[in-house]
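One file, upload_2.txt, carrying compact mmCIF, C-alpha atoms:
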# COMPACT_ATOMS: atom_id res chain seq x y z
CA MET A 1 -80.25 -192.57 -6.39
CA LYS A 2 -77.33 -194.79 -7.41
CA ILE A 3 -73.73 -193.67 -6.82
CA LEU A 4 -70.57 -195.29 -8.17
CA PHE A 5 -67.65 -194.79 -5.79
CA ILE A 6 -64.15 -194.94 -7.20
CA THR A 7 -61.51 -195.66 -4.58
CA GLU A 8 -58.29 -197.61 -4.06
CA SER A 9 -59.85 -199.99 -1.56
CA LEU A 10 -61.92 -200.14 1.63
CA ASP A 11 -58.83 -200.95 3.68
CA GLN A 12 -59.08 -199.10 6.99
CA LYS A 13 -55.29 -199.09 7.36
CA ASN A 14 -54.87 -196.28 4.81
CA GLY A 15 -56.40 -192.83 4.61
CA TRP A 16 -58.26 -193.31 1.33
CA GLY A 17 -59.79 -196.56 2.55
CA ARG A 18 -60.80 -195.21 5.95
CA TYR A 19 -62.48 -192.19 4.38
CA SER A 20 -64.20 -194.30 1.71
CA LEU A 21 -65.55 -196.83 4.17
CA GLY A 22 -66.90 -194.22 6.57
CA LEU A 23 -68.62 -192.25 3.82
CA ILE A 24 -70.04 -195.30 2.04
CA LYS A 25 -71.30 -196.92 5.23
CA HIS A 26 -73.24 -193.87 6.32
CA LEU A 27 -74.65 -193.20 2.87
CA GLY A 28 -75.81 -196.80 2.80
CA GLU A 29 -77.71 -196.18 6.02
CA MET A 30 -79.61 -193.47 4.15
CA ASN A 31 -80.84 -196.09 1.65
CA ILE A 32 -78.72 -194.75 -1.19
CA GLU A 33 -77.89 -197.48 -3.70
CA LEU A 34 -74.15 -197.61 -4.23
CA TYR A 35 -71.35 -199.80 -5.49
CA VAL A 36 -67.57 -199.51 -5.48
CA LEU A 37 -65.01 -199.62 -8.28
CA CYS A 38 -61.60 -200.26 -6.75
CA HIS A 39 -58.09 -201.64 -7.10
CA LYS A 40 -58.37 -204.23 -4.36
CA VAL A 41 -61.52 -205.89 -3.05
CA PHE A 42 -61.92 -206.38 0.71
CA SER A 43 -64.30 -209.30 1.13
CA THR A 44 -64.87 -208.46 4.79
CA GLU A 45 -66.99 -205.46 3.75
CA PRO A 46 -70.61 -206.05 2.66
CA PHE A 47 -70.66 -203.44 -0.10
CA ARG A 48 -70.59 -204.48 -3.72
CA GLN A 49 -66.98 -204.07 -4.89
CA ILE A 50 -65.66 -204.44 -8.42
CA SER A 51 -61.90 -204.60 -9.00
CA GLY A 52 -60.32 -203.30 -12.19
CA LEU A 53 -58.37 -200.18 -11.26
CA PRO A 54 -54.57 -199.90 -11.24
CA THR A 55 -52.81 -199.02 -7.99
CA ALA A 56 -53.51 -195.43 -6.98
CA LEU A 57 -49.93 -194.64 -5.97
CA ASN A 58 -48.36 -195.12 -9.41
CA PHE A 59 -50.22 -192.14 -10.83
CA ARG A 60 -47.76 -191.54 -13.68
CA THR A 61 -48.72 -194.85 -15.26
CA ASN A 62 -52.40 -194.14 -14.56
CA TYR A 63 -52.26 -190.88 -16.49
CA MET A 64 -50.51 -192.47 -19.45
CA PHE A 65 -53.03 -195.31 -19.77
CA PHE A 66 -56.25 -194.00 -18.22
CA LEU A 67 -58.15 -194.37 -21.52
CA PHE A 68 -57.12 -198.03 -21.67
CA HIS A 69 -58.31 -198.59 -18.11
CA VAL A 70 -61.70 -197.01 -18.83
CA VAL A 71 -62.23 -199.20 -21.93
CA LYS A 72 -61.22 -202.30 -19.92
CA ILE A 73 -63.57 -201.36 -17.08
CA LEU A 74 -66.55 -200.77 -19.38
CA PHE A 75 -66.14 -203.96 -21.39
CA TYR A 76 -65.01 -206.41 -18.72
CA SER A 77 -66.49 -205.13 -15.46
CA ARG A 78 -70.03 -204.74 -16.83
CA LEU A 79 -70.75 -201.60 -14.82
CA GLU A 80 -74.33 -200.40 -14.88
CA LYS A 81 -74.95 -196.69 -15.32
CA PRO A 82 -75.21 -194.81 -12.00
CA ASP A 83 -76.78 -191.40 -11.39
CA MET A 84 -73.50 -189.96 -10.15
CA ILE A 85 -69.83 -190.82 -9.69
CA HIS A 86 -67.89 -189.94 -6.57
CA CYS A 87 -64.14 -190.39 -7.00
CA VAL A 88 -62.42 -190.27 -3.61
CA VAL A 89 -58.82 -190.78 -4.83
CA GLU A 90 -57.13 -187.88 -6.64
CA THR A 91 -55.15 -190.04 -9.05
CA TYR A 92 -58.28 -191.76 -10.36
CA ALA A 93 -59.79 -188.42 -11.44
CA PRO A 94 -59.17 -189.02 -15.21
CA ILE A 95 -61.03 -192.35 -15.00
CA ALA A 96 -63.98 -190.69 -13.25
CA TRP A 97 -63.98 -187.90 -15.82
CA LEU A 98 -64.09 -190.27 -18.84
CA LEU A 99 -66.76 -192.48 -17.27
CA SER A 100 -68.90 -189.42 -16.59
CA LYS A 101 -68.51 -188.38 -20.23
CA TYR A 102 -69.43 -191.86 -21.44
CA TRP A 103 -72.58 -192.01 -19.32
CA GLY A 104 -73.45 -188.29 -19.42
CA ILE A 105 -73.65 -187.97 -15.63
CA PRO A 106 -72.01 -185.62 -13.08
CA TYR A 107 -69.07 -186.54 -10.89
CA VAL A 108 -67.70 -185.40 -7.55
CA LEU A 109 -64.02 -185.50 -6.55
CA THR A 110 -62.59 -185.67 -3.05
CA ILE A 111 -59.09 -184.27 -2.53
CA HIS A 112 -57.22 -185.21 0.62
CA GLY A 113 -53.61 -184.06 0.55
CA SER A 114 -50.39 -184.30 -1.43
CA PHE A 115 -51.77 -186.06 -4.51
CA ALA A 116 -54.15 -183.17 -5.12
CA ILE A 117 -51.16 -181.12 -6.30
CA LYS A 118 -48.51 -183.77 -7.07
CA THR A 119 -50.56 -184.60 -10.15
CA LEU A 120 -49.93 -181.04 -11.37
CA ILE A 121 -46.13 -181.29 -11.48
CA ASN A 122 -45.79 -182.69 -15.00
CA PRO A 123 -47.25 -180.43 -17.77
CA TRP A 124 -49.12 -183.34 -19.43
CA TYR A 125 -50.53 -184.72 -16.19
CA SER A 126 -51.38 -181.18 -15.12
CA LEU A 127 -53.36 -180.55 -18.30
CA ILE A 128 -55.45 -183.65 -17.67
CA GLN A 129 -55.91 -183.07 -13.94
CA LYS A 130 -56.93 -179.43 -14.32
CA ARG A 131 -59.60 -180.44 -16.83
CA CYS A 132 -60.82 -183.07 -14.37
CA TYR A 133 -60.97 -180.47 -11.61
CA ARG A 134 -62.80 -177.87 -13.68
CA GLN A 135 -65.40 -180.26 -15.07
CA ALA A 136 -66.27 -181.85 -11.73
CA GLN A 137 -69.66 -180.88 -10.36
CA THR A 138 -68.02 -180.40 -6.96
CA ILE A 139 -64.56 -180.86 -5.48
CA VAL A 140 -64.71 -181.80 -1.81
CA ALA A 141 -61.55 -180.78 0.07
CA VAL A 142 -61.18 -182.49 3.44
CA SER A 143 -59.73 -179.33 5.01
CA ASN A 144 -59.37 -175.62 4.43
CA TYR A 145 -55.63 -176.23 4.27
CA THR A 146 -56.02 -178.70 1.40
CA LYS A 147 -58.32 -176.27 -0.40
CA LYS A 148 -55.78 -173.47 0.02
CA ARG A 149 -52.93 -175.59 -1.33
CA LEU A 150 -54.98 -176.59 -4.39
CA LEU A 151 -56.09 -173.04 -5.18
CA GLU A 152 -52.47 -171.92 -5.05
CA LYS A 153 -51.90 -174.12 -8.12
CA VAL A 154 -55.12 -173.79 -10.12
CA TRP A 155 -58.04 -171.33 -10.15
CA LEU A 156 -61.33 -173.06 -9.34
CA GLU A 157 -64.81 -172.09 -8.16
CA ASN A 158 -66.26 -175.53 -7.44
CA VAL A 159 -64.40 -176.40 -4.21
CA VAL A 160 -66.18 -176.96 -0.89
CA VAL A 161 -64.71 -178.10 2.42
CA ILE A 162 -66.15 -181.13 4.22
CA PRO A 163 -63.87 -182.61 6.89
CA ASN A 164 -63.39 -186.29 7.59
CA GLY A 165 -65.81 -187.89 10.01
CA VAL A 166 -65.04 -189.92 13.11
CA GLU A 167 -66.91 -193.10 14.02
CA GLN A 168 -69.09 -193.32 17.15
CA SER A 169 -67.26 -196.49 18.23
CA PHE A 170 -64.20 -194.47 19.31
CA PHE A 171 -66.26 -192.75 22.02
CA SER A 172 -66.95 -196.10 23.68
CA ILE A 173 -63.26 -196.79 24.32
CA GLN A 174 -62.62 -196.81 28.05
CA GLN A 175 -59.46 -195.09 29.23
CA THR A 176 -57.44 -197.46 31.41
CA ASN A 177 -54.37 -195.23 31.78
CA THR A 178 -54.03 -194.06 35.37
CA GLY A 179 -51.48 -191.35 34.68
CA GLU A 180 -48.58 -193.24 33.13
CA PRO A 181 -46.74 -190.95 30.64
CA MET A 182 -47.53 -192.93 27.47
CA VAL A 183 -47.49 -191.04 24.17
CA LEU A 184 -49.01 -192.42 20.96
CA GLY A 185 -48.34 -191.52 17.32
CA VAL A 186 -50.22 -193.06 14.38
CA GLY A 187 -49.37 -192.68 10.70
CA ALA A 188 -47.26 -194.22 7.95
CA LEU A 189 -43.61 -193.92 8.91
CA LYS A 190 -42.51 -191.31 6.39
CA HIS A 191 -40.76 -187.95 6.64
CA ARG A 192 -43.98 -185.99 6.06
CA LYS A 193 -45.44 -187.34 9.31
CA GLY A 194 -42.64 -185.84 11.41
CA PHE A 195 -41.83 -188.78 13.68
CA HIS A 196 -38.20 -187.68 13.82
CA VAL A 197 -39.27 -184.37 15.37
CA VAL A 198 -41.21 -186.21 18.08
CA LEU A 199 -38.20 -188.40 18.90
CA ARG A 200 -35.95 -185.38 19.44
CA ALA A 201 -38.61 -183.68 21.57
CA LEU A 202 -38.97 -186.83 23.68
CA ALA A 203 -35.24 -186.77 24.42
CA GLU A 204 -35.80 -183.34 26.04
CA VAL A 205 -38.97 -184.46 27.83
CA LYS A 206 -37.19 -187.54 29.19
CA ARG A 207 -34.96 -185.31 31.31
CA PHE A 208 -38.07 -184.38 33.33
CA ILE A 209 -40.18 -187.55 32.83
CA PRO A 210 -37.67 -190.43 32.76
CA ASP A 211 -40.30 -193.17 32.45
CA ILE A 212 -42.05 -191.73 29.38
CA LYS A 213 -43.01 -194.24 26.65
CA TYR A 214 -43.70 -193.57 22.98
CA TYR A 215 -45.65 -195.94 20.73
CA MET A 216 -45.11 -195.47 16.98
CA VAL A 217 -47.87 -197.08 14.90
CA GLY A 218 -47.91 -197.22 11.11
CA SER A 219 -46.72 -198.76 7.88
CA THR A 220 -42.94 -199.20 7.61
CA GLN A 221 -42.73 -199.42 3.81
CA ASP A 222 -40.35 -196.45 3.69
CA SER A 223 -37.31 -198.45 4.80
CA LYS A 224 -34.87 -195.53 4.48
CA TYR A 225 -36.92 -193.36 6.84
CA ARG A 226 -37.35 -196.25 9.24
CA LEU A 227 -33.57 -196.68 9.40
CA TYR A 228 -33.22 -192.92 9.89
CA LEU A 229 -35.60 -193.09 12.88
CA ARG A 230 -33.70 -196.01 14.36
CA GLY A 231 -30.49 -194.01 14.02
CA ILE A 232 -32.05 -191.16 16.01
CA ILE A 233 -33.33 -193.60 18.64
CA HIS A 234 -29.80 -195.01 19.07
CA GLU A 235 -28.20 -191.56 19.00
CA LEU A 236 -30.48 -190.24 21.74
CA GLY A 237 -30.55 -193.40 23.83
CA LEU A 238 -34.29 -193.92 23.43
CA GLU A 239 -34.20 -197.70 22.98
CA GLU A 240 -36.17 -198.25 26.21
CA THR A 241 -38.53 -195.37 25.47
CA VAL A 242 -39.75 -196.08 21.94
CA VAL A 243 -41.96 -199.02 20.96
CA GLU A 244 -42.26 -199.68 17.20
CA CYS A 245 -45.66 -201.27 16.58
CA GLY A 246 -45.74 -201.34 12.77
CA SER A 247 -49.07 -201.61 10.99
CA ILE A 248 -51.86 -202.92 13.26
CA ASP A 249 -55.58 -203.60 12.98
CA GLU A 250 -58.33 -201.43 14.47
CA VAL A 251 -58.81 -203.63 17.53
CA GLU A 252 -55.15 -203.25 18.50
CA LEU A 253 -55.22 -199.54 17.70
CA LYS A 254 -58.20 -198.95 19.97
CA LYS A 255 -56.39 -200.78 22.76
CA LEU A 256 -53.42 -198.44 22.38
CA TYR A 257 -55.74 -195.44 22.52
CA SER A 258 -57.15 -196.78 25.80
CA ILE A 259 -53.76 -197.15 27.51
CA SER A 260 -52.18 -193.91 26.24
CA ARG A 261 -52.11 -190.49 27.85
CA LEU A 262 -51.35 -188.18 24.91
CA PHE A 263 -51.48 -188.33 21.11
CA VAL A 264 -48.72 -186.58 19.11
CA LEU A 265 -48.27 -186.34 15.33
CA THR A 266 -46.29 -183.43 13.87
CA PRO A 267 -46.69 -183.22 10.06
CA ILE A 268 -44.21 -181.34 7.88
CA SER A 269 -45.28 -179.64 4.65
CA ASP A 270 -43.27 -178.73 1.57
CA GLU A 271 -44.16 -177.62 -1.94
CA TYR A 272 -45.78 -180.86 -3.05
CA ASP A 273 -46.08 -182.98 0.09
CA PHE A 274 -48.40 -182.23 3.01
CA GLU A 275 -50.87 -183.71 5.48
CA GLY A 276 -54.40 -182.99 4.29
CA PHE A 277 -56.37 -183.49 7.51
CA GLY A 278 -55.49 -186.04 10.18
CA LEU A 279 -58.46 -188.20 11.20
CA VAL A 280 -56.31 -189.78 13.90
CA TYR A 281 -56.48 -186.54 15.91
CA LEU A 282 -60.29 -186.85 16.08
CA GLU A 283 -60.13 -190.53 16.92
CA ALA A 284 -57.73 -189.78 19.76
CA ASN A 285 -59.93 -186.92 20.99
CA ALA A 286 -62.98 -189.19 20.93
CA THR A 287 -61.23 -191.57 23.34
CA GLY A 288 -60.40 -188.69 25.68
CA LEU A 289 -56.79 -188.07 24.64
CA PRO A 290 -55.43 -184.53 24.21
CA VAL A 291 -53.59 -184.15 20.89
CA ILE A 292 -50.65 -182.17 19.53
CA GLY A 293 -50.12 -181.35 15.85
CA THR A 294 -48.50 -178.66 13.73
CA TYR A 295 -49.42 -175.46 11.96
CA ASN A 296 -49.13 -175.30 8.17
CA SER A 297 -50.87 -178.64 7.71
CA GLY A 298 -54.33 -180.17 7.76
CA ALA A 299 -53.95 -180.51 11.53
CA GLU A 300 -55.08 -176.88 11.68
CA ASP A 301 -58.56 -178.13 10.75
CA ALA A 302 -58.48 -181.33 12.81
CA ILE A 303 -57.35 -179.69 16.08
CA SER A 304 -59.12 -176.92 17.98
CA ASP A 305 -56.03 -175.19 19.36
CA GLY A 306 -56.20 -174.77 23.13
CA LYS A 307 -59.48 -176.72 23.37
CA SER A 308 -58.86 -180.22 21.98
CA GLY A 309 -55.07 -180.00 22.00
CA PHE A 310 -52.24 -177.79 20.81
CA LEU A 311 -50.70 -176.73 17.52
CA VAL A 312 -46.97 -176.03 17.43
CA PRO A 313 -44.67 -174.71 14.67
CA PRO A 314 -43.51 -177.49 12.34
CA GLU A 315 -40.07 -178.97 13.18
CA SER A 316 -39.84 -176.97 16.42
CA VAL A 317 -38.43 -179.51 18.87
CA SER A 318 -38.43 -177.10 21.81
CA ALA A 319 -42.04 -175.96 21.29
CA LEU A 320 -43.20 -179.56 21.00
CA ALA A 321 -41.31 -180.65 24.12
CA GLU A 322 -42.80 -177.73 26.04
CA LYS A 323 -46.38 -178.72 25.11
CA ILE A 324 -45.81 -182.41 25.86
CA LEU A 325 -44.54 -181.51 29.32
CA LEU A 326 -47.44 -179.13 29.91
CA VAL A 327 -50.07 -181.75 29.10
CA LEU A 328 -48.41 -184.59 31.01
CA GLN A 329 -47.46 -182.58 34.10
CA ASP A 330 -50.45 -180.24 34.57
CA SER A 331 -53.60 -182.20 35.41
CA SER A 332 -55.87 -179.17 34.96
CA VAL A 333 -54.60 -178.66 31.39
CA TYR A 334 -54.92 -182.36 30.70
CA ASN A 335 -58.52 -182.52 31.95
CA LYS A 336 -59.51 -179.40 30.02
CA LEU A 337 -58.13 -180.77 26.75
CA SER A 338 -59.49 -184.25 27.38
CA GLN A 339 -63.04 -183.00 27.90
CA GLY A 340 -62.80 -180.34 25.22
CA GLY A 341 -61.44 -182.86 22.76
CA GLN A 342 -64.43 -185.15 23.17
CA VAL A 343 -66.83 -182.25 22.60
CA TRP A 344 -64.85 -181.27 19.50
CA ALA A 345 -64.80 -184.82 18.14
CA LYS A 346 -68.58 -185.17 18.63
CA SER A 347 -69.09 -182.23 16.29
CA MET A 348 -67.16 -184.25 13.68
CA LEU A 349 -69.12 -187.50 13.94
CA TRP A 350 -69.92 -189.11 10.58
CA THR A 351 -73.61 -188.77 11.43
CA GLU A 352 -73.08 -184.99 11.39
CA ILE A 353 -70.60 -184.81 8.51
CA ILE A 354 -72.80 -186.90 6.21
CA LYS A 355 -75.48 -184.21 6.32
CA ARG A 356 -73.15 -181.88 4.42
CA TYR A 357 -73.27 -184.23 1.45
CA GLN A 358 -76.97 -183.47 1.02
CA LYS A 359 -76.09 -180.33 -0.90
CA VAL A 360 -73.19 -181.94 -2.77
CA TYR A 361 -75.30 -184.81 -4.09
CA ASP A 362 -78.49 -182.72 -4.31
CA LEU A 363 -80.21 -185.48 -2.39
CA LYS A 364 -83.51 -183.62 -1.91
CA ARG A 365 -84.05 -183.77 -5.65
CA HIS A 366 -83.75 -187.54 -5.38
CA SER A 367 -86.16 -187.80 -2.41
CA ILE A 368 -83.55 -189.36 -0.14
CA TYR A 369 -84.48 -187.21 2.85
CA ASN A 370 -87.95 -187.12 4.39

Spit out the file's structure as structure tokens when you get a sec.
Amino acid sequence: MKILFITESLDQKNGWGRYSLGLIKHLGEMNIELYVLCHKVFSTEPFRQISGLPTALNFRTNYMFFLFHVVKILFYSRLEKPDMIHCVVETYAPIAWLLSKYWGIPYVLTIHGSFAIKTLINPWYSLIQKRCYRQAQTIVAVSNYTKKRLLEKVWLENVVVIPNGVEQSFFSIQQTNTGEPMVLGVGALKHRKGFHVVLRALAEVKRFIPDIKYYMVGSTQDSKYRLYLRGIIHELGLEETVVECGSIDEVELKKLYSISRLFVLTPISDEYDFEGFGLVYLEANATGLPVIGTYNSGAEDAISDGKSGFLVPPESVSALAEKILLVLQDSSVYNKLSQGGQVWAKSMLWTEIIKRYQKVYDLKRHSIYN
């Protein structure tokens, strides 16, 4: 069986790339022939990658010129016909749809978060996207929350839920923290991630744990939000508490997991912007860290409340501060969540998650499994 994957890139520093790389790597281990159509080629990855796509973020332009992009791809990229297309970026759905029509093959779509419904705002884009959704063989939602948000906008019967997988390598990270109150948050610095809520909660926690440290890791492209966060840090006197790490590679990230005590990320959802899952919660759990996230987001699927960590109401500073204090000050709670989190993360290993794609791809029909 040959599968064409359509993705933005295999860059592990963004959600689309991390998901794509994990899925493709484990399918490759099952001897499935695959190649990747993308916007940006990462030469460090061994998979066959063909550039030719526009950037995924500027979806308005994509929807205006998707026919042009398909013609360009077919005539200049010299793509051979696959047995199936799997498009893992919502805004490339029209390209996957037209390619499937051209070749007469089925396609699968993965929907992650905000872009699953942002593409439905404009009537013209919505008309195209709904057709793409309805004609897909299967839509894979990475969480029940993402599925719910999509079905609030469009009626569909072809949606299944398959969560993101976590890599085995995160379980080999050795915890070197001996009890220091170090909190870690990972995600692009944008309002939807809720870093400002964490900062205000830390100001309350600091009254009881004066030496607490908070490491913020993630892209700082949203300069306005970054300045907003710095304003809060100055306002609350957290200059010695907060460490801005920016965007870092996986080696550095794993080191921060090893020296931290707690992982906190508190997403905020609105009508068209939300966190679809939150793989970072599983990665943190795999290293032995308890995690805290919020209700009304994909964190509901990524966190086993009371077992791998806690869920708190979105934007509730007091509730968040209370849970941070509980985890950092009560060793029995910490140990319970640390151990429970590792058990939870093991159930989400890519080696387990990949089995769910057997039904999606109908792999038995292609004699992929023994």

Problem set entry | Among listed residues A:Arg200, A:Leu99, A:Val41, A:His112, nearest Glu235 in chain A (using all atoms listed in the file) | A:Arg200

For this session: Scan for residues within 12 Å of the point (-40.9, -185.4, 28.9) in the coordinates of the file, using only C-alpha atoms, and reply as a PyMOL selection string.
Result: chain A and resi 180-183+198-214+241+262+317-318+320-329

Problem set entry | Residues near range 124-127 of chain A, cut-off 8 Å, all atoms listed in the file, skip fewer than 4 positions along chain, as a list in words | Arg60, Tyr63, Thr119, Leu120 and Arg131 of chain A

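The two atoms in question, CA of Gln129 in chain A and CA of Ala93 in chain A, are spaced 7.1 Å apart.
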
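For the set A:Asn285, A:Thr351, A:Ser219, A:Thr61, the residue with the smallest atom-to-atom gap to Asn14 in chain A is A:Ser219, counting all atoms listed in the file.
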
Seminar exercise, completed: As a check of understanding: the span from CA of Lys193 in chain A to CA of Pro267 in chain A is 4.4 Å

For this session: Determine, counting only C-alpha atoms, every residue of protein, DNA or RNA that lies within 12 Å of (-69.5, -197.8, 16.2) in the file coordinates, then give the result as a ChimeraX atom specification.
Result: /A:22,25-26,166-173,250,254,283,286,349-351

Exercise. Do you know which residues are at most 10 Å from Arg18 in chain A counting all atoms listed in the file, after dropping those on the same chain fewer than 5 positions away, and could you put them as JSON, numbers by chain?
Worked result: {"A": [9, 10, 11, 12, 13, 23, 164, 165, 166, 279]}

Exercise. Excluding same-chain residues fewer than 4 positions from Leu98 in chain A, what lies within 9 Å of it counting all atoms listed in the file, as a VMD selection string?
Worked result: chain A and resid 66 to 67 70 93 to 94 102 to 103

For the selection you just gave me, I'd like the residues written to a file as a PDB file, in the coordinates of the input, keeping C-alpha atoms.
ATOM      1  CA  PHE A  66     -56.250-194.000 -18.220  1.00  0.00           C
ATOM      2  CA  LEU A  67     -58.150-194.370 -21.520  1.00  0.00           C
ATOM      3  CA  VAL A  70     -61.700-197.010 -18.830  1.00  0.00           C
ATOM      4  CA  ALA A  93     -59.790-188.420 -11.440  1.00  0.00           C
ATOM      5  CA  PRO A  94     -59.170-189.020 -15.210  1.00  0.00           C
ATOM      6  CA  TYR A 102     -69.430-191.860 -21.440  1.00  0.00           C
ATOM      7  CA  TRP A 103     -72.580-192.010 -19.320  1.00  0.00           C
TER       8      TRP A 103
END

Exercise. Which residues come within 10 Å of Tyr334 in chain A, counting all atoms listed in the file, excluding same-chain residues fewer than 2 positions away, as a VMD selection string?
Worked result: chain A and resid 261 to 262 288 to 290 308 to 309 326 to 332 336 to 340

Exercise. What lies within 7 Å of Thr110 in chain A using only C-alpha atoms, ignoring chain neighbours under 4 positions off, as a PyMOL selection string?
Worked result: chain A and resi 87-90+139-141

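In this structure, CA of Lys147 in chain A sits 9.9 Å away from CA of Gly298 in chain A.
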
Exercise. When distances are computed from only C-alpha atoms, which of A:Gln135, A:Met1, A:Met348, A:Tyr225 shows the smallest separation from Leu156 in chain A?
Worked result: A:Gln135

Exercise. Looking at A:Phe263, A:Ser20, A:His196, A:Asn335, which one is nearest to Arg230 in chain A, with distances taken over all atoms listed in the file?
Worked result: A:His196

Would you fill out range 266-281 of chain A with N, CA and C atoms and return it as a PDB file, in the frame of the given file?
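Contents of selection-v5.pdb, freshly written:
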ATOM      1  N   THR A 266     -46.738-184.780  14.242  1.00  0.00           N
ATOM      2  CA  THR A 266     -46.290-183.430  13.870  1.00  0.00           C
ATOM      3  C   THR A 266     -45.933-183.361  12.377  1.00  0.00           C
ATOM      4  N   PRO A 267     -46.937-183.230  11.499  1.00  0.00           N
ATOM      5  CA  PRO A 267     -46.690-183.220  10.060  1.00  0.00           C
ATOM      6  C   PRO A 267     -45.794-182.070   9.606  1.00  0.00           C
ATOM      7  N   ILE A 268     -45.092-182.325   8.502  1.00  0.00           N
ATOM      8  CA  ILE A 268     -44.210-181.340   7.880  1.00  0.00           C
ATOM      9  C   ILE A 268     -44.644-181.151   6.432  1.00  0.00           C
ATOM     10  N   SER A 269     -44.829-179.922   6.016  1.00  0.00           N
ATOM     11  CA  SER A 269     -45.280-179.640   4.650  1.00  0.00           C
ATOM     12  C   SER A 269     -44.150-179.053   3.814  1.00  0.00           C
ATOM     13  N   ASP A 270     -44.151-179.410   2.516  1.00  0.00           N
ATOM     14  CA  ASP A 270     -43.270-178.730   1.570  1.00  0.00           C
ATOM     15  C   ASP A 270     -44.082-178.400   0.327  1.00  0.00           C
ATOM     16  N   GLU A 271     -43.437-178.120  -0.781  1.00  0.00           N
ATOM     17  CA  GLU A 271     -44.160-177.620  -1.940  1.00  0.00           C
ATOM     18  C   GLU A 271     -45.190-178.603  -2.476  1.00  0.00           C
ATOM     19  N   TYR A 272     -44.870-179.881  -2.467  1.00  0.00           N
ATOM     20  CA  TYR A 272     -45.780-180.860  -3.050  1.00  0.00           C
ATOM     21  C   TYR A 272     -46.156-181.999  -2.096  1.00  0.00           C
ATOM     22  N   ASP A 273     -45.811-181.899  -0.852  1.00  0.00           N
ATOM     23  CA  ASP A 273     -46.080-182.980   0.090  1.00  0.00           C
ATOM     24  C   ASP A 273     -46.621-182.375   1.389  1.00  0.00           C
ATOM     25  N   PHE A 274     -47.821-182.788   1.792  1.00  0.00           N
ATOM     26  CA  PHE A 274     -48.400-182.230   3.010  1.00  0.00           C
ATOM     27  C   PHE A 274     -49.480-183.157   3.558  1.00  0.00           C
ATOM     28  N   GLU A 275     -49.811-182.963   4.822  1.00  0.00           N
ATOM     29  CA  GLU A 275     -50.870-183.710   5.480  1.00  0.00           C
ATOM     30  C   GLU A 275     -52.185-182.964   5.263  1.00  0.00           C
ATOM     31  N   GLY A 276     -53.162-183.658   4.665  1.00  0.00           N
ATOM     32  CA  GLY A 276     -54.400-182.990   4.290  1.00  0.00           C
ATOM     33  C   GLY A 276     -55.369-182.754   5.427  1.00  0.00           C
ATOM     34  N   PHE A 277     -55.439-183.675   6.389  1.00  0.00           N
ATOM     35  CA  PHE A 277     -56.370-183.490   7.510  1.00  0.00           C
ATOM     36  C   PHE A 277     -55.785-184.114   8.774  1.00  0.00           C
ATOM     37  N   GLY A 278     -55.983-185.393   8.975  1.00  0.00           N
ATOM     38  CA  GLY A 278     -55.490-186.040  10.180  1.00  0.00           C
ATOM     39  C   GLY A 278     -56.630-186.585  11.023  1.00  0.00           C
ATOM     40  N   LEU A 279     -57.330-187.596  10.490  1.00  0.00           N
ATOM     41  CA  LEU A 279     -58.460-188.200  11.200  1.00  0.00           C
ATOM     42  C   LEU A 279     -58.032-188.763  12.547  1.00  0.00           C
ATOM     43  N   VAL A 280     -56.790-189.178  12.649  1.00  0.00           N
ATOM     44  CA  VAL A 280     -56.310-189.780  13.900  1.00  0.00           C
ATOM     45  C   VAL A 280     -56.407-188.811  15.076  1.00  0.00           C
ATOM     46  N   TYR A 281     -56.318-187.513  14.816  1.00  0.00           N
ATOM     47  CA  TYR A 281     -56.480-186.540  15.910  1.00  0.00           C
ATOM     48  C   TYR A 281     -57.892-186.640  16.493  1.00  0.00           C
TER      49      TYR A 281
END
